[in-house]
Amino acid sequence: MEIINPKSDFNNSNRKSRLARTFQKVINLRSATKIASNNGIGICVLTSQHKFPQDDDSTTAPDHKASSHGDSKVKQKPVLEALLAKVFASVTSIKAAYAELQMAQHPYNSDAIQAADEAVVEQLRALSELKRKYVKKELHLSPQVTLMLAEIQEQQSLMRTYEITIKKLESHVEVKASDIALLHKQFEDCTAFNKAVENKLNASGPLSMFDNIQFTALIPSHFVQVLHCALRSVRSFVKMMIKEMESAKWDLDAAARTIEPGTVFAKQSHRCFVFESFVCKTMLEGFNSHSYGLSSASEKVDPEQYFNKFNDLKSADPKSFLVQNPNSCFAKFTRTKYLNLVHAKMECSFFENLNQRKVVTSGGFPDTAFFTGFAEMGRRFWLLHCLGFSMHEQVSIFQVKKGCRFSEVYMENVNEEESVFPGEINDANVDVRVCFTVVPGFQIGKTVIQSQVSLSPVSH
């Protein structure tokens with residue numbers, strides 16, 4: 001049985017501790033510090049292995065290094081910020097100089113190009129020098145002053161850039177203005193050309209085909225030709241009337257609804273058909289009578305006499321003819337139709353007076369563009385009436401009632417070139433009905449000239 005003696009173990013432990021301390025001392029002797037004394041004798045001082053906070057430099061050295069490193073970072077931060085500000089200011093200056101270089105290209109300006117090129121090179125050199133000093137650690141900047149100067153330089157460069165942008169925009173505005181002026185000039189030229197063509201069409205030129213036509217050779221196609229000329233003058237007069245309405249600040253929708261209540265237009269441009277309908281209805285009123293509604297007497301005139309009247313007026317200027325023949329049937333017709341078509345309130349709204357109406361009422365003829373356009377239109381309707389009663393077969397006019405079913409035999413859609421209400425008309429459940437008649441139809445014997453109507457869909 002083994003007996004363990006605690007005291008013996010303790011003694012062995014003490015011996016081992018002493019041995020360890022001895023080896024430690026031997027090792028420390030090798031790291032002893034040699035201090036030279038005044039008499040030349042070297043003294044070895046053993047380095048103590050015990051560290052005390054109050055006199056141990058090894059514990060304070062890392063803290064000191066860390067704090068000095070932190071202080072250097074704090075000191076370097078403003079310098080780096082100033083450096084970056086200087087770099088950004090130089091980049092902004094390069095951008096402004098490059099913008100000036102681009103601006104000097106169009107139009108070409110050699111002095112401005114050279115100045116902008118030198119500015120770009122100068123800023124690139126400044127950046128290169130800044131890089132060199134930074135790499136070699138020769139950069140000595142005053143953070144506050146550098147930041148302030150960089151901010152000033154950047155703002156000045158931005159102002160130059162904005163000025164260049166403004167100049168570019170002004171240049172673009174000038175170019176656009178010149179383009180607008182050119183287009184406006186082209187528009188005026190086109191308008192003048194169209195007006196000249198329209199005047200030619202409205203003049204007696206289209207009726208020159210009747211110069212060699214004999215009374216016995218008249219056919220319905222001649223009547224159709226004159227009818228088309230009359231309708232062109234209607235459209236021209238309606239354009240003039242709508243222009244006066246717009247100048248007088250009329251509500252065109254309200255005016256159209258007054259003429260044809262409850263009408264719905266697929267497009268605003270279709271409102272003109274209502275005014276054309278009103279003009280045609282007024283001008284063709286009394287067309288079926290020999291006197292064109294000027295007298296209640298139903299005297300019958302020989303057809304050849306109507307053809308002679310047609311020949312007398314077909315090449316005449318309406319204003320000149322009216323002035324020279326103020327008591328003629330055509331003069332009476334013109335005065336009557338003008339007073340019926342142009343209401344007193346309408347004329348007053350257009351011209352702020354009733355001077356033209358007073359002249360017409362007193363038997364004269366106003367010397368205005370508005371009345372001249374009306375007189376030309378009246379001349380063509382008068383020629384249409386004369387030619388109609390010159391025909392060998394009876395001519396009659398017919399009007400299509402509102403709500404009638406559309407018939408391709410007797411009617412023509414004024415919007416046939418474009419689909420009106422396309423989605424509804426193609427629907428099988430929708431029926432197309434006449435909304436109003438724009439131009440009445442004519443019948444010459446067995447020949448039917450279609451009436452022009454405006455259509456609208458009606459759901460079942």
# chains A, B, ... in the order shown; residues from 1 in each chain; ligands from 1

call {"tool": "select_by_dssp", "arguments": {"residues": "range 245-453 of chain A", "states": "strand (DSSP E or B)", "output": "list of chain:residue names"}}
result
A:Val395, A:Ser396, A:Ile397, A:Phe398, A:Arg405, A:Met411, A:Glu412, A:Asn413, A:Val430, A:Asp431, A:Val432, A:Arg433, A:Val434, A:Cys435, A:Phe436, A:Thr437, A:Val438, A:Val439, A:Gly441, A:Phe442, A:Gln443, A:Ile444, A:Thr447, A:Val448, A:Ile449, A:Ser451, A:Gln452, A:Val453

call {"tool": "select_by_dssp", "arguments": {"residues": "range 108-356 of chain A", "states": "helix (DSSP H, G or I)", "output": "PyMOL selection string"}}
result
chain A and resi 110-135+143-202+205-210+215-217+220-247+252-259+268-283+303-314+318-324+329-341+344-351+355-356

call {"tool": "residues_around", "arguments": {"residues": "Ser277 in chain A", "least_positions_apart": "2", "cutoff": "10 Å", "atoms": "only C-alpha atoms", "output": "ChimeraX atom specification"}}
result
/A:234,238,259-260,272-275,279-283,436-440,452-454

call {"tool": "atom_distance", "arguments": {"atom1": "CA of Gln105 in chain A", "atom2": "CA of Ile180 in chain A"}}
result
24.6 Å

call {"tool": "closest_residue", "arguments": {"among": "A:Met391, A:Leu127, A:Ala89, A:Val409", "to": "Leu218 in chain A", "atoms": "only C-alpha atoms"}}
result
A:Met391

call {"tool": "atom_distance", "arguments": {"atom1": "CA of Gly262 in chain A", "atom2": "CA of Cys435 in chain A"}}
result
9.2 Å

call {"tool": "atom_distance", "arguments": {"atom1": "CA of Leu284 in chain A", "atom2": "CA of Ala369 in chain A"}}
result
22.5 Å

call {"tool": "closest_residue", "arguments": {"among": "A:Ala82, A:Leu130, A:Leu341, A:Ile94", "to": "Ser157 in chain A", "atoms": "only C-alpha atoms"}}
result
A:Ile94

call {"tool": "closest_residue", "arguments": {"among": "A:Tyr338, A:Leu83, A:Asp117, A:Thr191", "to": "Leu139 in chain A", "atoms": "only C-alpha atoms"}}
result
A:Leu83

call {"tool": "closest_residue", "arguments": {"among": "A:Thr263, A:Asn353, A:Asn212, A:Ser289", "to": "Asn311 in chain A", "atoms": "only C-alpha atoms"}}
result
A:Asn212
